[in-house]
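Trainee: Mind having a look at this structure? Questions to follow.
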Amino acid sequence: MDTIKDHDESRQGEALVLDTNSELKGKKLYIESYGCAMNFADSEVVASILAKDGFQTTANAEDADVILLNTCSIRENAENRIKKRLFDFKKQKQSNPELVVGILGCMASRMKQALLEDEKLVDIVAGPDSYRDLPHLIEDVGSGQRAVNVLLSREETYADITPVRLDKGGVCAFVSITRGCDNMCSFCVVPFTRGRERSRDPQTIIQECRDLFEAGYREVTLLGQNVDSYRWNMNSKGEIKDVEQTTMNFAELMENVAQVNPLLRVRFSTSHPKDMSDEFLQVMAKYENICPYIHLPVQSGSNDVLLRMNRGYTREWYLGRIAAIHKYLPTATISTDIITGFCGETEEDHQATLSLMEEVRFDFAYMYTYSERPKTLAERKYEDDIPEEVKSRRLTEIINLQRANALLSNEKQVGQIQEVLVESVSKKSADEFAGRNPFNARVVFPKKDSKPGDYVTVKINSCTSATLIGEII
Ligand code: SAH
Ligand code: SF4
Ligand code: F3S
């Protein structure tokens, strides 16, 4: 499973389609996204850049003049899935030689030129910081070249580009606040594919949130690989760079976004245990529209493993952060990411992860077996020595425990009366809507006279481990 925080697996490979009314524009773009929320947000930036160049999006790959895949490299199976997809498009290219196929995102960064040479599957390779160059790259292909731009930037944040929104309901939107990552967790490919961390100008973030609210949106999720390290006009030691200009940390940014409108829900992803501050938790507690839900990836419950992972915290530190969340936000829900079978993980280490899960009782978790990634610290330094069958047995134990915890979390909410933001028609029944409560649990209920974008008061009558079921009262 690949990660899209706050989103389900069913969105992997989803096509982005817009309602742009551009009769004069002939060229059709099909864009498919994989990986994390940042990639989905980037696809909206790409669609915006290409809309200015005369491209209209289409839901059918068969209709397209240009096909773009926004890709993920986080685990080997994520890449394999995308390679398979490229062979589908190769067939289409055989019957339509004019068709341009491009690869964007993290695989483009990681594999670079090799993607062009490899079976001639693609015409364009564009890394996450080169999307402004896409119109030129497409033009180059038109004149018979194959085009690559995988340069990573220290500055690019696409701050001035208003993304065209892929959320068809027009209720929830992603807003990028940082790009890249400087953490160098030893298992992780992201610092290599996305480059150095940089923060986006806060005024453009706040303005984008205001515009979204005006356009009817009722929820924004601020996105970054480590939102807690957001900083504007400050270096990593907290020293001011330009005394003439404003400075801002993540807690202050959240406060500004929360003040856009009390009816705009604010979420964020991902928090990092080593950086999540009490100051930030206090801001969360102060604003009702900041949803009391924190995604705080732990990865492992063993200090030996955490050290080899280069995560920058211990089990005890992590539990201290959980205690701080409970102190400031007694009702908050907490989710996590766990990797099992990392290099050198003993049975004892695995038990430590299970015991941490018992202790914290996460409301939700994304769980993976370790997948070695080229160039990472772990690949260079440690042996990927846990046999696949041991990895998957440990994963099963982790998943079973988590399923029980998730059910407990949902059962606790049965009988409660909660405010739910209506998002869309439920997948199972056309007579029901689905939305989320402030704690990020999915709630389904009969529509009555509500519509997407409304806040409704729902009584929770029953649940599964994945969904709360209720009725509007
Ligand atoms: N920035 C976020 C995570 C981004 S990647 C953070 O620091 O928490 C999302 C998740 O993918 C990670 O939390 C981790 O659990 C998982 N992941 C990353 N690299 C992986 C690898 N090599 N093998 C298995 N899972 C991995
Ligand atoms: Fe990867 Fe670690 Fe950065 Fe998250 S914080 S993106 S896991 S290097
Ligand atoms: Fe994947 Fe890149 Fe996101 S590797 S998880 S798409 S940052």
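Residue numbers start at 1 in each chain; chains themselves are named A, B, ... in the order of the structure tokens; ligands are numbered from 1 in the order shown.
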From stretch 104-263 of chain A, collect each residue whose DSSP state is strand (DSSP E or B) and return the set as a short mmCIF file (atom, residue, chain, number, x, y, z; two decimals) with C-alpha atoms, in the first residue's frame.
Mentor:
```
data_model
loop_
_atom_site.label_atom_id
_atom_site.label_comp_id
_atom_site.auth_asym_id
_atom_site.auth_seq_id
_atom_site.Cartn_x
_atom_site.Cartn_y
_atom_site.Cartn_z
CA LEU A 104 6.73 13.04 -13.18
CA ILE A 124 9.47 13.10 -20.90
CA VAL A 125 11.06 12.76 -17.48
CA ALA A 126 10.32 15.67 -15.15
CA ALA A 147 13.16 15.61 -22.84
CA VAL A 148 14.52 15.42 -19.30
CA ASN A 149 14.57 17.89 -16.44
CA CYS A 172 -11.63 19.49 0.98
CA ALA A 173 -8.32 20.71 -0.45
CA PHE A 174 -4.61 20.08 0.07
CA VAL A 175 -2.32 23.08 0.52
CA SER A 176 1.44 22.51 0.32
CA THR A 178 6.91 22.84 2.55
CA ARG A 179 8.71 20.80 -0.10
CA ARG A 198 12.11 24.62 1.86
CA SER A 199 9.11 26.50 3.23
CA GLU A 219 -11.47 21.93 4.89
CA VAL A 220 -7.78 22.46 4.15
CA THR A 221 -4.96 20.03 4.90
CA LEU A 222 -1.57 21.69 5.18
CA LEU A 223 1.03 19.39 3.67
CA ARG A 231 9.87 28.10 9.11
CA TRP A 232 9.79 31.35 7.20
CA MET A 234 14.57 31.69 9.93
CA ILE A 240 16.22 35.46 11.80
CA MET A 248 6.87 32.42 11.11
CA ASN A 249 7.05 28.93 12.60
#
```
Trainee: Considering only C-alpha atoms and all ligand atoms, tabulate each residue of chain A that lies at most 6 Å from ligand 2 along with its nearest interatomic pair and the corresponding distance in Å to one decimal; arrange the rows by chain and ascending residue number and present them as a Markdown table.
Mentor:
```
| residue | atom | partner | partner_atom_place_in_ligand_line | distance |
| --- | --- | --- | --- | --- |
| A:Cys181 | CA | ligand 2 | 3 (Fe) | 4.7 |
| A:Asn183 | CA | ligand 2 | 8 (S) | 4.6 |
| A:Met184 | CA | ligand 2 | 8 (S) | 4.3 |
| A:Cys185 | CA | ligand 2 | 8 (S) | 4.2 |
| A:Cys188 | CA | ligand 2 | 1 (Fe) | 4.6 |
| A:Val190 | CA | ligand 2 | 1 (Fe) | 5.1 |
| A:Pro191 | CA | ligand 2 | 8 (S) | 5.7 |
| A:Gln225 | CA | ligand 2 | 6 (S) | 4.9 |
| A:Asn226 | CA | ligand 2 | 5 (S) | 5.8 |
```
Trainee: Would you output that residue set with C-alpha atoms, as a PDB file, in the first residue's frame?
Mentor:
```pdb
ATOM      1  CA  CYS A 181      12.976  16.858   3.469  1.00  0.00           C
ATOM      2  CA  ASN A 183      15.817  14.471   7.824  1.00  0.00           C
ATOM      3  CA  MET A 184      17.645  11.580   6.191  1.00  0.00           C
ATOM      4  CA  CYS A 185      15.827   8.731   7.894  1.00  0.00           C
ATOM      5  CA  CYS A 188      13.771   6.733   3.125  1.00  0.00           C
ATOM      6  CA  VAL A 190      12.309  11.093  -0.179  1.00  0.00           C
ATOM      7  CA  PRO A 191      15.353  13.332   0.534  1.00  0.00           C
ATOM      8  CA  GLN A 225       6.996  15.790   4.873  1.00  0.00           C
ATOM      9  CA  ASN A 226       7.627  17.305   8.299  1.00  0.00           C
TER      10      ASN A 226
END
```
Trainee: Show me which residues sit within 9 Å of ligand 1 when counting only C-alpha atoms and all ligand atoms, and put them as a tab-separated table (two decimals) with all heavy atoms, in the first residue's frame.
Mentor:
```tsv
chain	number	residue	atom	x	y	z
A	2	ASP	N	0.55	2.20	-0.83
A	2	ASP	CA	1.27	3.47	-0.83
A	2	ASP	C	0.50	4.45	0.03
A	2	ASP	O	-0.67	4.26	0.29
A	2	ASP	CB	1.39	4.00	-2.25
A	2	ASP	CG	1.95	2.91	-3.14
A	2	ASP	OD1	2.90	2.28	-2.71
A	2	ASP	OD2	1.39	2.69	-4.21
A	3	THR	N	1.16	5.50	0.43
A	3	THR	CA	0.48	6.37	1.39
A	3	THR	C	-0.13	7.60	0.73
A	3	THR	O	0.51	8.30	-0.01
A	3	THR	CB	1.49	6.90	2.43
A	3	THR	OG1	2.62	7.38	1.73
A	3	THR	CG2	1.87	5.85	3.40
A	4	ILE	N	-1.39	7.81	1.01
A	4	ILE	CA	-1.95	9.14	0.80
A	4	ILE	C	-2.56	9.45	2.15
A	4	ILE	O	-3.54	8.85	2.53
A	4	ILE	CB	-3.10	9.16	-0.21
A	4	ILE	CG1	-2.82	8.24	-1.37
A	4	ILE	CG2	-3.38	10.56	-0.66
A	4	ILE	CD1	-3.95	8.25	-2.36
A	5	LYS	N	-1.94	10.33	2.87
A	5	LYS	CA	-2.44	10.62	4.20
A	5	LYS	C	-3.86	11.18	4.06
A	5	LYS	O	-4.15	11.98	3.20
A	5	LYS	CB	-1.57	11.66	4.90
A	5	LYS	CG	-0.14	11.20	5.06
A	5	LYS	CD	-0.04	9.99	5.96
A	5	LYS	CE	1.37	9.53	6.10
A	5	LYS	NZ	1.59	8.22	5.55
A	35	GLY	N	1.16	7.62	-4.85
A	35	GLY	CA	1.98	8.04	-3.72
A	35	GLY	C	1.24	8.87	-2.71
A	35	GLY	O	0.06	8.66	-2.45
A	36	CYS	N	1.94	9.85	-2.14
A	36	CYS	CA	1.40	10.59	-1.00
A	36	CYS	C	0.59	11.80	-1.45
A	36	CYS	O	0.56	12.16	-2.63
A	36	CYS	CB	2.53	11.02	-0.08
A	36	CYS	SG	3.67	12.16	-0.88
A	73	SER	N	8.24	6.54	-5.34
A	73	SER	CA	9.37	5.60	-5.23
A	73	SER	C	9.51	5.03	-3.84
A	73	SER	O	10.51	4.39	-3.54
A	73	SER	CB	10.67	6.34	-5.54
A	73	SER	OG	10.77	6.61	-6.90
A	74	ILE	N	8.54	5.26	-2.96
A	74	ILE	CA	8.75	5.00	-1.54
A	74	ILE	C	9.08	3.55	-1.24
A	74	ILE	O	9.92	3.26	-0.40
A	74	ILE	CB	7.55	5.52	-0.70
A	74	ILE	CG1	7.96	5.76	0.74
A	74	ILE	CG2	6.35	4.60	-0.75
A	74	ILE	CD1	8.65	7.05	0.99
A	75	ARG	N	8.40	2.63	-1.94
A	75	ARG	CA	8.71	1.20	-1.80
A	75	ARG	C	8.81	0.59	-3.19
A	75	ARG	O	8.25	1.14	-4.15
A	75	ARG	CB	7.61	0.48	-1.00
A	75	ARG	CG	7.68	0.72	0.51
A	75	ARG	CD	6.42	0.31	1.21
A	75	ARG	NE	5.33	1.19	0.85
A	75	ARG	CZ	5.08	2.36	1.43
A	75	ARG	NH1	5.82	2.77	2.43
A	75	ARG	NH2	4.08	3.12	1.01
A	76	GLU	N	9.48	-0.57	-3.27
A	76	GLU	CA	9.70	-1.17	-4.57
A	76	GLU	C	8.38	-1.49	-5.26
A	76	GLU	O	8.22	-1.27	-6.46
A	76	GLU	CB	10.54	-2.43	-4.41
A	76	GLU	CG	11.19	-2.84	-5.71
A	76	GLU	CD	11.99	-4.12	-5.57
A	76	GLU	OE1	12.12	-4.65	-4.43
A	76	GLU	OE2	12.48	-4.59	-6.59
A	181	CYS	N	12.78	17.31	2.09
A	181	CYS	CA	12.98	16.86	3.47
A	181	CYS	C	14.46	16.79	3.77
A	181	CYS	O	15.24	16.29	2.97
A	181	CYS	CB	12.35	15.48	3.68
A	181	CYS	SG	12.45	14.97	5.40
A	183	ASN	N	15.63	15.33	6.65
A	183	ASN	CA	15.82	14.47	7.82
A	183	ASN	C	16.73	13.27	7.63
A	183	ASN	O	17.33	12.81	8.58
A	183	ASN	CB	14.48	14.01	8.36
A	183	ASN	CG	13.86	15.10	9.19
A	183	ASN	OD1	14.55	15.81	9.90
A	183	ASN	ND2	12.56	15.26	9.07
A	185	CYS	N	16.12	10.02	7.26
A	185	CYS	CA	15.83	8.73	7.89
A	185	CYS	C	16.48	7.67	7.01
A	185	CYS	O	16.41	7.76	5.78
A	185	CYS	CB	14.32	8.50	7.96
A	185	CYS	SG	13.49	9.79	8.89
A	186	SER	N	17.12	6.68	7.62
A	186	SER	CA	18.02	5.83	6.82
A	186	SER	C	17.29	4.97	5.79
A	186	SER	O	17.89	4.54	4.82
A	186	SER	CB	18.86	4.96	7.74
A	186	SER	OG	18.03	4.08	8.45
A	187	PHE	N	15.99	4.72	5.99
A	187	PHE	CA	15.25	3.84	5.07
A	187	PHE	C	14.63	4.60	3.90
A	187	PHE	O	14.11	4.01	2.98
A	187	PHE	CB	14.11	3.13	5.83
A	187	PHE	CG	13.22	4.09	6.61
A	187	PHE	CD1	12.23	4.82	5.99
A	187	PHE	CD2	13.41	4.26	7.98
A	187	PHE	CE1	11.44	5.71	6.69
A	187	PHE	CE2	12.62	5.15	8.70
A	187	PHE	CZ	11.63	5.87	8.05
A	188	CYS	N	14.70	5.93	3.93
A	188	CYS	CA	13.77	6.73	3.12
A	188	CYS	C	14.41	7.37	1.89
A	188	CYS	O	15.48	7.99	1.95
A	188	CYS	CB	13.16	7.81	4.00
A	188	CYS	SG	11.92	8.77	3.15
A	189	VAL	N	13.69	7.27	0.78
A	189	VAL	CA	14.18	7.77	-0.50
A	189	VAL	C	13.80	9.25	-0.73
A	189	VAL	O	14.36	9.91	-1.60
A	189	VAL	CB	13.61	6.85	-1.63
A	189	VAL	CG1	12.15	7.16	-1.93
A	189	VAL	CG2	14.45	6.90	-2.88
A	190	VAL	N	12.86	9.75	0.08
A	190	VAL	CA	12.31	11.09	-0.18
A	190	VAL	C	13.37	12.21	-0.26
A	190	VAL	O	13.33	13.04	-1.17
A	190	VAL	CB	11.19	11.45	0.83
A	190	VAL	CG1	10.72	12.89	0.68
A	190	VAL	CG2	10.02	10.50	0.66
A	224	GLY	N	3.26	18.75	4.27
A	224	GLY	CA	4.72	18.77	4.21
A	224	GLY	C	5.23	17.43	4.73
A	224	GLY	O	4.51	16.75	5.46
A	225	GLN	N	6.46	17.05	4.35
A	225	GLN	CA	7.00	15.79	4.87
A	225	GLN	C	7.22	15.88	6.37
A	225	GLN	O	7.21	14.87	7.07
A	225	GLN	CB	8.31	15.43	4.17
A	225	GLN	CG	8.15	15.02	2.72
A	225	GLN	CD	7.27	13.80	2.54
A	225	GLN	OE1	6.93	13.11	3.48
A	225	GLN	NE2	6.90	13.54	1.30
A	226	ASN	N	7.45	17.08	6.86
A	226	ASN	CA	7.63	17.31	8.30
A	226	ASN	C	7.11	18.72	8.57
A	226	ASN	O	7.88	19.67	8.55
A	226	ASN	CB	9.11	17.15	8.64
A	226	ASN	CG	9.42	17.50	10.09
A	226	ASN	OD1	8.53	17.90	10.84
A	226	ASN	ND2	10.67	17.37	10.47
A	227	VAL	N	5.79	18.82	8.79
A	227	VAL	CA	5.19	20.15	8.90
A	227	VAL	C	5.77	20.95	10.07
A	227	VAL	O	5.83	22.18	10.02
A	227	VAL	CB	3.64	20.11	9.00
A	227	VAL	CG1	3.01	19.76	7.68
A	227	VAL	CG2	3.18	19.19	10.11
A	269	SER	N	-0.48	17.40	7.82
A	269	SER	CA	0.21	16.12	7.73
A	269	SER	C	1.53	16.35	7.00
A	269	SER	O	1.54	17.04	5.99
A	269	SER	CB	-0.66	15.14	6.95
A	269	SER	OG	-0.10	13.87	6.98
A	270	THR	N	2.65	15.84	7.51
A	270	THR	CA	2.83	14.89	8.59
A	270	THR	C	3.60	15.55	9.72
A	270	THR	O	4.55	16.29	9.48
A	270	THR	CB	3.65	13.69	8.07
A	270	THR	OG1	3.01	13.13	6.93
A	270	THR	CG2	3.80	12.61	9.10
A	271	SER	N	3.25	15.19	10.98
A	271	SER	CA	4.00	15.69	12.12
A	271	SER	C	5.18	14.78	12.38
A	271	SER	O	5.11	13.58	12.12
A	271	SER	CB	3.12	15.71	13.37
A	271	SER	OG	1.95	16.46	13.11
A	272	HIS	N	6.26	15.34	12.90
A	272	HIS	CA	7.44	14.52	13.22
A	272	HIS	C	7.66	14.51	14.73
A	272	HIS	O	7.77	15.58	15.34
A	272	HIS	CB	8.68	15.04	12.50
A	272	HIS	CG	9.77	14.02	12.43
A	272	HIS	ND1	10.35	13.48	13.56
A	272	HIS	CD2	10.36	13.40	11.38
A	272	HIS	CE1	11.26	12.58	13.20
A	272	HIS	NE2	11.28	12.51	11.88
A	273	PRO	N	7.75	13.32	15.34
A	273	PRO	CA	7.87	13.23	16.80
A	273	PRO	C	9.04	14.05	17.36
A	273	PRO	O	8.94	14.58	18.47
A	273	PRO	CB	8.12	11.74	17.05
A	273	PRO	CG	7.59	11.05	15.85
A	273	PRO	CD	7.72	11.99	14.70
A	295	HIS	N	-1.30	12.87	12.96
A	295	HIS	CA	-0.62	11.72	12.37
A	295	HIS	C	0.85	11.81	12.77
A	295	HIS	O	1.55	12.73	12.34
A	295	HIS	CB	-0.78	11.73	10.85
A	295	HIS	CG	-0.14	10.55	10.20
A	295	HIS	ND1	-0.57	9.27	10.43
A	295	HIS	CD2	0.91	10.45	9.35
A	295	HIS	CE1	0.19	8.42	9.74
A	295	HIS	NE2	1.10	9.12	9.09
A	296	LEU	N	1.28	10.90	13.63
A	296	LEU	CA	2.61	10.99	14.22
A	296	LEU	C	3.36	9.66	14.01
A	296	LEU	O	3.33	8.77	14.88
A	296	LEU	CB	2.46	11.30	15.72
A	296	LEU	CG	3.70	11.81	16.44
A	296	LEU	CD1	4.11	13.19	15.94
A	296	LEU	CD2	3.45	11.87	17.96
A	297	PRO	N	4.02	9.51	12.85
A	297	PRO	CA	4.64	8.22	12.53
A	297	PRO	C	5.72	7.82	13.53
A	297	PRO	O	6.62	8.61	13.82
A	297	PRO	CB	5.27	8.47	11.15
A	297	PRO	CG	4.46	9.58	10.57
A	297	PRO	CD	4.14	10.47	11.73
A	298	VAL	N	5.59	6.60	14.06
A	298	VAL	CA	6.58	6.13	15.04
A	298	VAL	C	7.63	5.24	14.37
A	298	VAL	O	8.77	5.21	14.79
A	298	VAL	CB	5.88	5.42	16.22
A	298	VAL	CG1	5.21	4.12	15.80
A	298	VAL	CG2	6.88	5.14	17.34
A	299	GLN	N	7.24	4.48	13.39
A	299	GLN	CA	8.08	3.53	12.60
A	299	GLN	C	8.44	2.28	13.38
A	299	GLN	O	8.33	1.18	12.86
A	299	GLN	CB	9.35	4.19	12.02
A	299	GLN	CG	9.17	5.54	11.36
A	299	GLN	CD	8.24	5.58	10.15
A	299	GLN	OE1	7.72	4.56	9.73
A	299	GLN	NE2	8.00	6.76	9.58
A	311	ARG	N	15.96	8.20	13.20
A	311	ARG	CA	14.73	8.97	13.35
A	311	ARG	C	14.89	10.16	14.30
A	311	ARG	O	14.04	11.04	14.35
A	311	ARG	CB	13.60	8.07	13.86
A	311	ARG	CG	13.03	7.15	12.79
A	311	ARG	CD	12.22	7.90	11.75
A	311	ARG	NE	10.93	8.37	12.25
A	311	ARG	CZ	10.09	9.10	11.50
A	311	ARG	NH1	10.40	9.45	10.27
A	311	ARG	NH2	8.94	9.49	12.01
A	336	THR	N	-0.54	6.61	13.03
A	336	THR	CA	0.90	6.43	12.91
A	336	THR	C	1.27	5.66	11.65
A	336	THR	O	0.39	5.16	10.94
A	336	THR	CB	1.43	5.70	14.17
A	336	THR	OG1	2.82	5.98	14.32
A	336	THR	CG2	1.22	4.20	14.09
A	337	ASP	N	2.57	5.60	11.37
A	337	ASP	CA	3.12	4.71	10.33
A	337	ASP	C	4.08	3.76	11.03
A	337	ASP	O	4.82	4.18	11.93
A	337	ASP	CB	3.96	5.49	9.31
A	337	ASP	CG	3.15	6.41	8.42
A	337	ASP	OD1	1.91	6.32	8.41
A	337	ASP	OD2	3.79	7.23	7.73
A	338	ILE	N	4.07	2.50	10.59
A	338	ILE	CA	4.98	1.51	11.16
A	338	ILE	C	5.67	0.75	10.03
A	338	ILE	O	5.03	0.36	9.05
A	338	ILE	CB	4.21	0.52	12.07
A	338	ILE	CG1	3.66	1.27	13.30
A	338	ILE	CG2	5.10	-0.65	12.51
A	338	ILE	CD1	2.73	0.48	14.16
A	339	ILE	N	6.99	0.58	10.17
A	339	ILE	CA	7.73	-0.27	9.24
A	339	ILE	C	8.18	-1.50	10.01
A	339	ILE	O	8.80	-1.38	11.07
A	339	ILE	CB	8.98	0.45	8.69
A	339	ILE	CG1	8.59	1.70	7.90
A	339	ILE	CG2	9.80	-0.50	7.81
A	339	ILE	CD1	9.80	2.51	7.42
A	340	THR	N	7.88	-2.68	9.48
A	340	THR	CA	8.34	-3.88	10.15
A	340	THR	C	9.40	-4.59	9.30
A	340	THR	O	9.38	-4.48	8.07
A	340	THR	CB	7.16	-4.83	10.48
A	340	THR	OG1	7.65	-5.88	11.29
A	340	THR	CG2	6.51	-5.39	9.25
A	341	GLY	N	10.33	-5.27	9.98
A	341	GLY	CA	11.36	-6.01	9.26
A	341	GLY	C	12.51	-5.15	8.77
A	341	GLY	O	13.19	-5.49	7.80
A	342	PHE	N	12.74	-4.02	9.45
A	342	PHE	CA	13.91	-3.20	9.09
A	342	PHE	C	15.19	-3.98	9.42
A	342	PHE	O	15.19	-4.87	10.27
A	342	PHE	CB	13.87	-1.87	9.86
A	342	PHE	CG	14.95	-0.91	9.46
A	342	PHE	CD1	15.00	-0.42	8.16
A	342	PHE	CD2	15.93	-0.52	10.35
A	342	PHE	CE1	16.00	0.46	7.77
A	342	PHE	CE2	16.94	0.37	9.97
A	342	PHE	CZ	16.97	0.85	8.68
A	366	TYR	N	-0.90	3.20	9.19
A	366	TYR	CA	-0.44	2.67	7.91
A	366	TYR	C	0.75	1.77	8.25
A	366	TYR	O	1.68	2.21	8.94
A	366	TYR	CB	0.05	3.79	6.99
A	366	TYR	CG	-1.02	4.78	6.58
A	366	TYR	CD1	-1.28	5.90	7.35
A	366	TYR	CD2	-1.74	4.60	5.40
A	366	TYR	CE1	-2.24	6.82	6.97
A	366	TYR	CE2	-2.71	5.52	5.01
A	366	TYR	CZ	-2.95	6.62	5.81
A	366	TYR	OH	-3.90	7.54	5.43
A	367	MET	N	0.71	0.54	7.76
A	367	MET	CA	1.72	-0.44	8.18
A	367	MET	C	2.38	-1.07	6.96
A	367	MET	O	1.69	-1.45	6.01
A	367	MET	CB	1.03	-1.51	9.04
A	367	MET	CG	0.42	-0.89	10.29
A	367	MET	SD	-0.99	-1.82	10.95
A	367	MET	CE	-2.30	-1.39	9.82
A	368	TYR	N	3.72	-1.19	7.00
A	368	TYR	CA	4.46	-1.67	5.83
A	368	TYR	C	5.56	-2.62	6.23
A	368	TYR	O	6.11	-2.51	7.33
A	368	TYR	CB	5.15	-0.49	5.11
A	368	TYR	CG	4.29	0.71	4.91
A	368	TYR	CD1	4.39	1.81	5.77
A	368	TYR	CD2	3.38	0.76	3.87
A	368	TYR	CE1	3.61	2.93	5.58
A	368	TYR	CE2	2.58	1.89	3.67
A	368	TYR	CZ	2.71	2.96	4.54
A	368	TYR	OH	1.94	4.07	4.35
A	369	THR	N	5.95	-3.50	5.29
A	369	THR	CA	7.21	-4.22	5.48
A	369	THR	C	8.31	-3.37	4.87
A	369	THR	O	8.08	-2.65	3.89
A	369	THR	CB	7.20	-5.61	4.80
A	369	THR	OG1	6.85	-5.43	3.43
A	369	THR	CG2	6.23	-6.55	5.47
A	370	TYR	N	9.49	-3.48	5.43
A	370	TYR	CA	10.62	-2.69	4.95
A	370	TYR	C	10.98	-3.08	3.52
A	370	TYR	O	11.07	-4.24	3.18
A	370	TYR	CB	11.84	-2.90	5.87
A	370	TYR	CG	13.09	-2.25	5.32
A	370	TYR	CD1	13.14	-0.89	5.05
A	370	TYR	CD2	14.23	-3.03	5.05
A	370	TYR	CE1	14.29	-0.31	4.52
A	370	TYR	CE2	15.37	-2.45	4.54
A	370	TYR	CZ	15.39	-1.09	4.27
A	370	TYR	OH	16.52	-0.51	3.74
A	371	SER	N	11.19	-2.07	2.69
A	371	SER	CA	11.60	-2.26	1.31
A	371	SER	C	12.88	-1.46	1.09
A	371	SER	O	12.88	-0.23	1.24
A	371	SER	CB	10.46	-1.78	0.40
A	371	SER	OG	10.88	-1.57	-0.91
A	372	GLU	N	13.96	-2.14	0.75
A	372	GLU	CA	15.23	-1.43	0.60
A	372	GLU	C	15.20	-0.51	-0.62
A	372	GLU	O	14.79	-0.93	-1.69
A	372	GLU	CB	16.36	-2.45	0.45
A	372	GLU	CG	17.73	-1.80	0.43
A	372	GLU	CD	18.84	-2.85	0.39
A	372	GLU	OE1	19.13	-3.34	-0.71
A	372	GLU	OE2	19.37	-3.16	1.46
A	373	ARG	N	15.66	0.72	-0.45
A	373	ARG	CA	15.65	1.68	-1.55
A	373	ARG	C	17.07	2.09	-1.91
A	373	ARG	O	17.89	2.38	-1.03
A	373	ARG	CB	14.84	2.93	-1.17
A	373	ARG	CG	13.43	2.69	-0.70
A	373	ARG	CD	12.62	1.77	-1.59
A	373	ARG	NE	12.30	2.31	-2.90
A	373	ARG	CZ	12.42	1.65	-4.05
A	373	ARG	NH1	12.87	0.42	-4.06
A	373	ARG	NH2	12.09	2.21	-5.18
A	376	THR	N	19.87	4.97	-0.30
A	376	THR	CA	19.59	5.41	1.08
A	376	THR	C	20.71	4.96	2.01
A	376	THR	O	21.48	4.05	1.68
A	376	THR	CB	18.26	4.80	1.58
A	376	THR	OG1	18.34	3.38	1.44
A	376	THR	CG2	17.07	5.32	0.80
A	378	ALA	N	20.46	3.28	4.72
A	378	ALA	CA	20.29	1.87	5.11
A	378	ALA	C	20.84	0.94	4.04
A	378	ALA	O	21.46	-0.08	4.35
A	378	ALA	CB	18.82	1.58	5.38
```
Trainee: Kindly give the distance, in Å, that separates atom CA of A:Asp449 and atom CA of A:Gly169, rounded to a single decimal.
Mentor: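 Taking atom CA of A:Asp449 as the start and atom CA of A:Gly169 as the end point, the length is 16.7 Å.
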Trainee: What is the distance, in Å and to one decimal place, between atom CA of A:Asn256 and atom CA of A:Glu156?
Mentor: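 Value for the atom CA of A:Asn256-atom CA of A:Glu156 distance: 22.8 Å.
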Trainee: Can you tell me, as JSON, numbers by chain, which residues in stretch 129-298 of chain A count as alpha helix (DSSP H) by DSSP?
Mentor: {"A": [134, 135, 136, 137, 138, 139, 140, 141, 142, 190, 191, 192, 193, 194, 202, 203, 204, 205, 206, 207, 208, 209, 210, 211, 212, 213, 214, 250, 251, 252, 253, 254, 255, 256, 257, 258, 278, 279, 280, 281, 282, 283, 284, 285, 286]}
Trainee: My list of candidates is A:Val17, A:Ala108, A:Ile398, A:Ala59. Which is closest to ligand 3 when distances are computed with only C-alpha atoms and all ligand atoms?
Mentor: A:Ala108
Trainee: Would you pick out the contacts of A:Thr57 at 8 Å or less, using only C-alpha atoms, so that residues sharing its chain but fewer than 4 positions from it are not included, and give the list as a list in words?
Mentor: Leu16, Val17, Leu18, Lys28, Leu29, Tyr30, Ile31 and Ala47 of chain A
Trainee: Here is a test: counting only C-alpha atoms and all ligand atoms, which residue of A:Gly435, A:Gly102, A:Pro202, A:Gly180 is nearest to ligand 3?
Mentor: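 Selected residue with least distance to ligand 3: A:Gly180.
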Trainee: Give me the residues near A:Ile386 as number ranges by chain, where near means some atom within 7 Å (using only C-alpha atoms) and where sequence neighbours in that chain fewer than 3 positions away do not count.
Mentor: A: 341, 343-344, 390-391
Trainee: Looking at A:Asp211, A:Glu379, A:Asp363, A:Asp454, which one is nearest to A:Ser335, with distances taken over only C-alpha atoms?
Mentor: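 Going through A:Asp211, A:Glu379, A:Asp363, A:Asp454 one by one, the smallest distance to A:Ser335 is for A:Asp363.
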Trainee: Quick one: residues within 8 Å of stretch 325-328 of chain A, only C-alpha atoms, excluding same-chain residues fewer than 5 positions away - as an MDAnalysis selection string?
Mentor: chainID A and resid 281:282 285
Trainee: Considering only C-alpha atoms and all ligand atoms, state which residue in the set A:Phe55, A:Phe87, A:Phe192, A:Tyr293 is at the smallest distance from ligand 3.
Mentor: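 Result for the nearest residue to ligand 3: A:Phe192.
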Trainee: Please report the interatomic distance between atom CA of A:Ala323 and atom CA of A:Arg442 in Å with one decimal.
Mentor: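 Those two atoms sit 25.2 Å apart.
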Trainee: Find the residues near A:Ala430: any atom within 10 Å, counting only C-alpha atoms, skip ones fewer than 4 places away on the same chain, and give them as a PyMOL selection string.
Mentor: chain A and resi 424-426+446-447
